[in-house]
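**Q** First, the structure itself, so that you have it in front of you.
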Amino acid sequence: MNPVARLSSTSTGQAAPSGLTGATVATNAAESFPPLGIRRGVLLGLAVFAVAAFLLSLAVGSVPIPLDEVVRVLLGVQASKDTWQTIVLVFRLPKAITALLAGAALSVAGLQMQTLFRNPLADPFALGISSGASLGVALAVLGGAAASVSVFGRAAYLGDFGLVTAASLGAAAVFALVLAIARRVQSVITLLVLGLMISYLAGAVVSVLIYFSIPEQVSAYLNWTFGSFGGVTWQQMRAFAPTLLLGLAAALFTAKPLNALLLGENYAASMGINVRAARWWVTASASLLAGAVTAFCGPIGFIGIAVPHLCRALFGSSDHRVLLPAALMLGGGLALIFDLISQMPGARAALPLNVVTSAVGAPVVLWIVLRRQSFGRV
Amino acid sequence: MITHRFAFTRPRAIHSAPDAPPPNGDESAIRATDLITGYRNGTSRRVVHRGLNLSLSRGKLTALLGPNGAGKSTLMRTLCGLQPPLGGTVWIDGEPLHALSPERRARKLAVVLTDRVDVGYMTAYALAALGRTPYTRWDGRLTAEDEAIVQEAMRAARCEALAARAVAQLSDGERQRVMIARALAQQTPIILLDEPTAFLDLPRRIEIMHLLRDLAHQTGRALLISTHDLELALRYADALWLMGGDGTFVAGTPEQVHRRGELLRVFADEGTEVRRYLQEIHQRWTTS
């Protein structure tokens with residue numbers, strides 16, 4: 001007997017408006033409702049993975065340090081050797097914290113962009129943030145000598161701080177532009193095209209600068225584009241960490257609108273989401289995360305595009321209440337692993353970080369595209 | 001199994017604030033006065049329809065019919081607040097639509113659109129559960145009561161057996177049922193469906209129309225569909241809204257529309273084949 005037949009037989013009988021309660025009592029044997037809640041077990045596993053990767057990255061390196069000594073240093077107890085103490089606190093800890101935060105930030109921002117644009121190939125830089133940063137650095141490193149007046153150009157030769165400043169300014173300029181426009185545009189596609197055009201414009205200027213530069217400057221610029229977690233000092237960490245933590249906290253508040261946006265902006269609006277406000281919050285937090293990471297670590301590719309896909313596959317879910325924390329932890333852990341691989345102990349030279357992330361990221365994206373094709377929906 | 005007194009029979013009962021009495025004391029779920037629909041682009045306006053006066057009844061399935069380009073979608077989008085009217089007012093439960101906050105509007109009116117539904121990894125149950133969005137707190141967490149309401153909505157839309165299936169693997173008809181369940185879970189007194197039977201085969205069209213009529217009658221909701229399925233609409237709808245390509249708008253029961261020969265008027269601009277087909281429908285109705 002179908003539910004409506006039951007329903008009408010109960011509701012016609014009496015005037016009581018509880019017509020459908022009869023249907024709940026007689027449950028169909030075939031129906032089973034899958035759990036909707038957050039799967040805490042897998043999330044806990046990811047947290048363990050991130051912590052393990054963190055400790056490992058403190059222990060492994062040209063000078064191996066036993067794990068228990070690493071833990072001692074972290075707990076504030078003096079290590080058995082002074083050199084271990086110094087290596088962990090001065091060299092490895094800032095780098096590990098940077099990798100953890102940057103990986104988490106890129107993954108979360110990538111997830112937000114993929115949902116906002118309903119495009120599986122969107123990444124944290126879809127809005128042109130990294131292009132802005134690249135342009136800033138290129139102007140500082142390359143344009144500095146060309147014009148021979150730029151403060152940043154000279155600073156770039158003196159240390160990394162000039163690079164960070166230049167990249168921050170470039171990223172911030174695009175960030176401000178995107179936010180100013182995000183509230184006004186009718187369609188999210190306009191934003192995507194805007195980001196693309198910013199990238200092309202910045203790319204053109206960078207190409208011109210490279211064309212007129214001497215090889216030493218070009219190589220300084222290229223070095224920056226390889227990406228690195230090693231450049232953030234304790235001093236810079238005071239700006240880097242709070243910025244990313246703020247961005248990550250803001251991102252966690254976008255889970256509900258992002259879930260509604262899975263159905264597109266029309267449906268989201270019909271379900272009570274203020275689409276323009278949601279779009280602004282998502283672009284603001286994602287751009288802040290992507291911009292800060294690019295400014296301090298360079299344009300790090302593929303983590304932001306691959307980790308969200310890994311999380312979806314891992315949880316078999318598109319629910320952002322699960323995906324956001326999952327991307328945060330998996331991204332942080334993976335960035336640490338990528339960094340470890342890029343400077344494998346025993347290897348003569350460290351590989352550029354972007355080489356490692358792409359070498360691992362590209363097969364993942366390929367796998368996803370091929371898998372989607374087999375579903376008949378690319 | 002949690003049993004609740006569900007609000008499907010009387011959706012208004014669960015709304016916190018009792019609504020203000022509608023103007024003129026009428027019982028229509030949606031009323032529009034001197035409505036002008038169309039598009040605004042900068043300073044230029046393109047009017048699609050002007051002077052529309054209409055009223056959508058509770059507990060009834062109303063079908064909006066008319067040729068392509070007559071402005072059906074524009075009217076649907078205007079009535080659900082996706083685009084502002086160029087003039088006039090839409091009243092939802094006696095309140096002007098433009099004065100409602102997005103959240104409050106989402107508790108009055110749910111929609112099923114023709115937009116692509118491509119949600120990645122998601123079960124039918126999780127998709128239907130999105131209908132609870134206007135009721136959940138900031139993190140979107142569903143309470144046990146929310147889940148019970150979603151399950152009840154899936155049963156009412158007769159898709160509870162699909163709950164554990166991936167949305168990507170549902171057929172068009174199955175997915176449409178889940179989208180209807182999602183709209184039911186939103187617990188609104190009004191549901192607007194834009195061409196809910198498009199892309200479906202004939203058996204699925206009949207099933208969906210049947211389902212929609214049952215839902216309107218049994219839950220007291222006001223259901224408005226736009227459709228090209230003329231004969232199904234004549235058979236299942238309680239009221240018809242006809243839009244002509246020349247800007248005419250008429251409303252009435254299928255009998256009234258038929259008696260006045262409105263169908264032939266609305267499609268008067270069409271070619272002889274179309275008019276002959278409509279003549280045949282007209283005659284079949286007269287004899288039956």
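Chains: A, B, ... in order of the structure tokens. Residues: from 1 per chain. Ligands: from 1, in order shown.
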Determine which residues of chain B sit within 6 Å of chain A, taking into account only C-alpha atoms, and present them as a list of chain:residue names.

**A**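 Applying the cut-off to the listed atoms yields B:Arg5, B:Thr9, B:Pro102, B:Glu103, B:Ala106, B:Val117, B:Val119, B:Tyr121, B:Met122, B:Pro134, B:Asp139, B:Gly140, B:Glu160, B:Ala161, B:Ala163, B:Ala164.
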
**Q** Once you have the residues from the selection above, write them out as a PDB file, in the first residue's frame, restricted to C-alpha atoms.

**A**
ATOM      1  CA  ARG B   5       2.735  15.432  14.674  1.00  0.00           C
ATOM      2  CA  THR B   9      -1.385  18.577   6.768  1.00  0.00           C
ATOM      3  CA  PRO B 102      15.546  35.756   2.691  1.00  0.00           C
ATOM      4  CA  GLU B 103      15.067  33.483   5.699  1.00  0.00           C
ATOM      5  CA  ALA B 106      12.294  30.598   2.598  1.00  0.00           C
ATOM      6  CA  VAL B 117      21.473  19.530  -9.963  1.00  0.00           C
ATOM      7  CA  VAL B 119      26.073  17.980  -6.229  1.00  0.00           C
ATOM      8  CA  TYR B 121      29.005  12.971  -3.671  1.00  0.00           C
ATOM      9  CA  MET B 122      25.672  13.229  -1.949  1.00  0.00           C
ATOM     10  CA  PRO B 134      16.065  27.902   6.685  1.00  0.00           C
ATOM     11  CA  ASP B 139      26.616  25.431  11.287  1.00  0.00           C
ATOM     12  CA  GLY B 140      23.726  23.726   9.493  1.00  0.00           C
ATOM     13  CA  GLU B 160      11.987   7.066   0.709  1.00  0.00           C
ATOM     14  CA  ALA B 161      13.415   3.939  -0.937  1.00  0.00           C
ATOM     15  CA  ALA B 163      17.342   7.650   0.473  1.00  0.00           C
ATOM     16  CA  ALA B 164      20.699   5.875   0.463  1.00  0.00           C
TER      17      ALA B 164
END

**Q** For Leu201 (chain A), work out the shell of residues within 12 Å, counting only C-alpha atoms and skipping chain neighbours fewer than 2 positions away, then give it as a PyMOL selection string.

**A** chain A and resi 128+131-132+134-135+174+194-199+203-208

**Q** Save the residues we just selected, N, CA, C and O atoms, as an mmCIF file, in the first residue's frame?

**A**
data_model
loop_
_atom_site.group_PDB
_atom_site.id
_atom_site.type_symbol
_atom_site.label_atom_id
_atom_site.label_comp_id
_atom_site.auth_asym_id
_atom_site.auth_seq_id
_atom_site.Cartn_x
_atom_site.Cartn_y
_atom_site.Cartn_z
ATOM 1 N N GLY A 128 42.709 35.255 -8.988
ATOM 2 C CA GLY A 128 43.847 36.062 -9.422
ATOM 3 C C GLY A 128 44.738 36.556 -8.297
ATOM 4 O O GLY A 128 45.592 37.402 -8.493
ATOM 5 N N SER A 131 48.406 35.796 -8.846
ATOM 6 C CA SER A 131 48.932 36.609 -9.940
ATOM 7 C C SER A 131 49.289 38.003 -9.432
ATOM 8 O O SER A 131 50.312 38.566 -9.821
ATOM 9 N N GLY A 132 48.430 38.518 -8.555
ATOM 10 C CA GLY A 132 48.724 39.814 -7.958
ATOM 11 C C GLY A 132 50.025 39.776 -7.172
ATOM 12 O O GLY A 132 50.877 40.667 -7.293
ATOM 13 N N SER A 134 52.463 37.596 -7.575
ATOM 14 C CA SER A 134 53.564 37.404 -8.526
ATOM 15 C C SER A 134 53.983 38.738 -9.125
ATOM 16 O O SER A 134 55.169 39.034 -9.262
ATOM 17 N N LEU A 135 52.987 39.515 -9.473
ATOM 18 C CA LEU A 135 53.278 40.818 -10.071
ATOM 19 C C LEU A 135 54.033 41.694 -9.080
ATOM 20 O O LEU A 135 55.014 42.360 -9.448
ATOM 21 N N VAL A 174 44.799 42.860 -5.318
ATOM 22 C CA VAL A 174 43.805 42.031 -5.993
ATOM 23 C C VAL A 174 42.673 41.696 -5.023
ATOM 24 O O VAL A 174 41.487 41.720 -5.386
ATOM 25 N N LEU A 194 36.759 37.692 -14.122
ATOM 26 C CA LEU A 194 37.586 38.757 -13.570
ATOM 27 C C LEU A 194 38.934 38.213 -13.095
ATOM 28 O O LEU A 194 39.991 38.761 -13.421
ATOM 29 N N GLY A 195 38.882 37.105 -12.319
ATOM 30 C CA GLY A 195 40.112 36.505 -11.824
ATOM 31 C C GLY A 195 41.029 36.093 -12.956
ATOM 32 O O GLY A 195 42.252 36.300 -12.914
ATOM 33 N N LEU A 196 40.422 35.519 -13.989
ATOM 34 C CA LEU A 196 41.194 35.055 -15.145
ATOM 35 C C LEU A 196 41.881 36.227 -15.838
ATOM 36 O O LEU A 196 43.060 36.165 -16.197
ATOM 37 N N MET A 197 41.135 37.332 -15.991
ATOM 38 C CA MET A 197 41.693 38.495 -16.686
ATOM 39 C C MET A 197 42.819 39.128 -15.874
ATOM 40 O O MET A 197 43.828 39.568 -16.427
ATOM 41 N N ILE A 198 42.649 39.162 -14.538
ATOM 42 C CA ILE A 198 43.713 39.691 -13.689
ATOM 43 C C ILE A 198 44.977 38.863 -13.901
ATOM 44 O O ILE A 198 46.078 39.385 -14.019
ATOM 45 N N SER A 199 44.799 37.521 -13.981
ATOM 46 C CA SER A 199 45.943 36.636 -14.175
ATOM 47 C C SER A 199 46.646 36.951 -15.492
ATOM 48 O O SER A 199 47.873 37.016 -15.552
ATOM 49 N N GLY A 203 50.291 38.414 -15.804
ATOM 50 C CA GLY A 203 51.247 37.586 -16.547
ATOM 51 C C GLY A 203 51.942 38.385 -17.641
ATOM 52 O O GLY A 203 53.157 38.249 -17.863
ATOM 53 N N ALA A 204 51.182 39.242 -18.301
ATOM 54 C CA ALA A 204 51.761 40.044 -19.384
ATOM 55 C C ALA A 204 52.829 40.981 -18.842
ATOM 56 O O ALA A 204 53.934 41.078 -19.400
ATOM 57 N N VAL A 205 52.505 41.651 -17.714
ATOM 58 C CA VAL A 205 53.469 42.589 -17.141
ATOM 59 C C VAL A 205 54.727 41.850 -16.691
ATOM 60 O O VAL A 205 55.857 42.295 -16.927
ATOM 61 N N VAL A 206 54.511 40.668 -16.039
ATOM 62 C CA VAL A 206 55.656 39.885 -15.573
ATOM 63 C C VAL A 206 56.526 39.492 -16.768
ATOM 64 O O VAL A 206 57.765 39.576 -16.715
ATOM 65 N N SER A 207 55.908 39.079 -17.878
ATOM 66 C CA SER A 207 56.673 38.673 -19.053
ATOM 67 C C SER A 207 57.514 39.826 -19.578
ATOM 68 O O SER A 207 58.687 39.636 -19.939
ATOM 69 N N VAL A 208 56.923 41.001 -19.608
ATOM 70 C CA VAL A 208 57.682 42.163 -20.082
ATOM 71 C C VAL A 208 58.881 42.414 -19.177
ATOM 72 O O VAL A 208 60.003 42.644 -19.648
#

**Q** Could you name the residues that touch Glu174 (chain B) at 12 Å or less, counting only C-alpha atoms, but leaving out those on the same chain fewer than 4 positions away, as a PyMOL selection string?

**A** chain B and resi 124+154+157-163+165-170+178-181+196-197+199-201+204-205+207-208

**Q** Going by DSSP on the backbone, which residues of region 5-252 of chain B come out as alpha helix (DSSP H)? List them as a PyMOL selection string.

**A** chain B and resi 72-79+102-106+124-129+144-156+172-185+202-219+230-236

**Q** Skip region 268-279 of chain B itself and residues of its chain fewer than 4 positions away, then list as an MDAnalysis selection string all residues within 9 Å of it, counting only C-alpha atoms.

**A** chainID B and resid 244:246 263:264 283:284

**Q** What does the distance between CA of Val307 (chain A) and CA of Ser62 (chain A) come to in Å, to one decimal place?

**A**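 Atom-to-atom, CA of Val307 (chain A) and CA of Ser62 (chain A) are spaced 28.4 Å apart.
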
**Q** Tell me which of B:Lys72, B:Arg31, B:Asp118, B:Gln176 sits closest to Asn119 (chain A), counting only C-alpha atoms.

**A**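 Once distances to Asn119 (chain A) are computed over only C-alpha atoms, the minimum belongs to B:Asp118.
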
**Q** If we count only C-alpha atoms and set the cut-off at 10 Å, which residues sit around Leu79 (chain B), ignoring sequence neighbours fewer than 6 positions away in its own chain? Please answer as a list in words.

**A**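 The neighbour list is Ile30, Arg31, Ala32, Leu35, Thr37, Ser73, Pro85, Thr89, Val90, Trp91, Ile92, Leu97, Leu109 and Leu192 of chain B.
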
**Q** For the selection just defined, write its residues with C-alpha atoms to a file, as a compact mmCIF listing (two decimals), in the first residue's frame.

**A**
# COMPACT_ATOMS: atom_id res chain seq x y z
CA ILE B 30 -0.07 34.41 -3.28
CA ARG B 31 -1.79 37.49 -4.58
CA ALA B 32 -0.42 39.93 -7.13
CA LEU B 35 2.03 43.30 -11.42
CA THR B 37 7.04 41.54 -14.91
CA SER B 73 9.37 31.66 -16.41
CA PRO B 85 8.85 43.07 -10.40
CA THR B 89 3.24 44.03 -5.58
CA VAL B 90 3.37 40.31 -4.88
CA TRP B 91 1.69 39.39 -1.58
CA ILE B 92 2.79 36.20 0.13
CA LEU B 97 7.24 39.69 -0.96
CA LEU B 109 7.86 29.57 -0.30
CA LEU B 192 6.47 26.76 -7.03

**Q** Closest to Leu288 (chain A) among A:Leu177, A:Leu163, A:Leu222, A:Ala105, using only C-alpha atoms?

**A**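 The shortest atom-to-atom distance to Leu288 (chain A) comes from A:Ala105.
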
**Q** At a cut-off of 9 Å, using only C-alpha atoms, what residues contact Ala173 (chain A)? Leave out same-chain residues fewer than 3 positions from it and give the result as a list in words.

**A**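 Selected residues are Ile129, Gly132, Ala133, Ser168, Leu169, Gly170, Ala176, Leu177 and Val178 of chain A.
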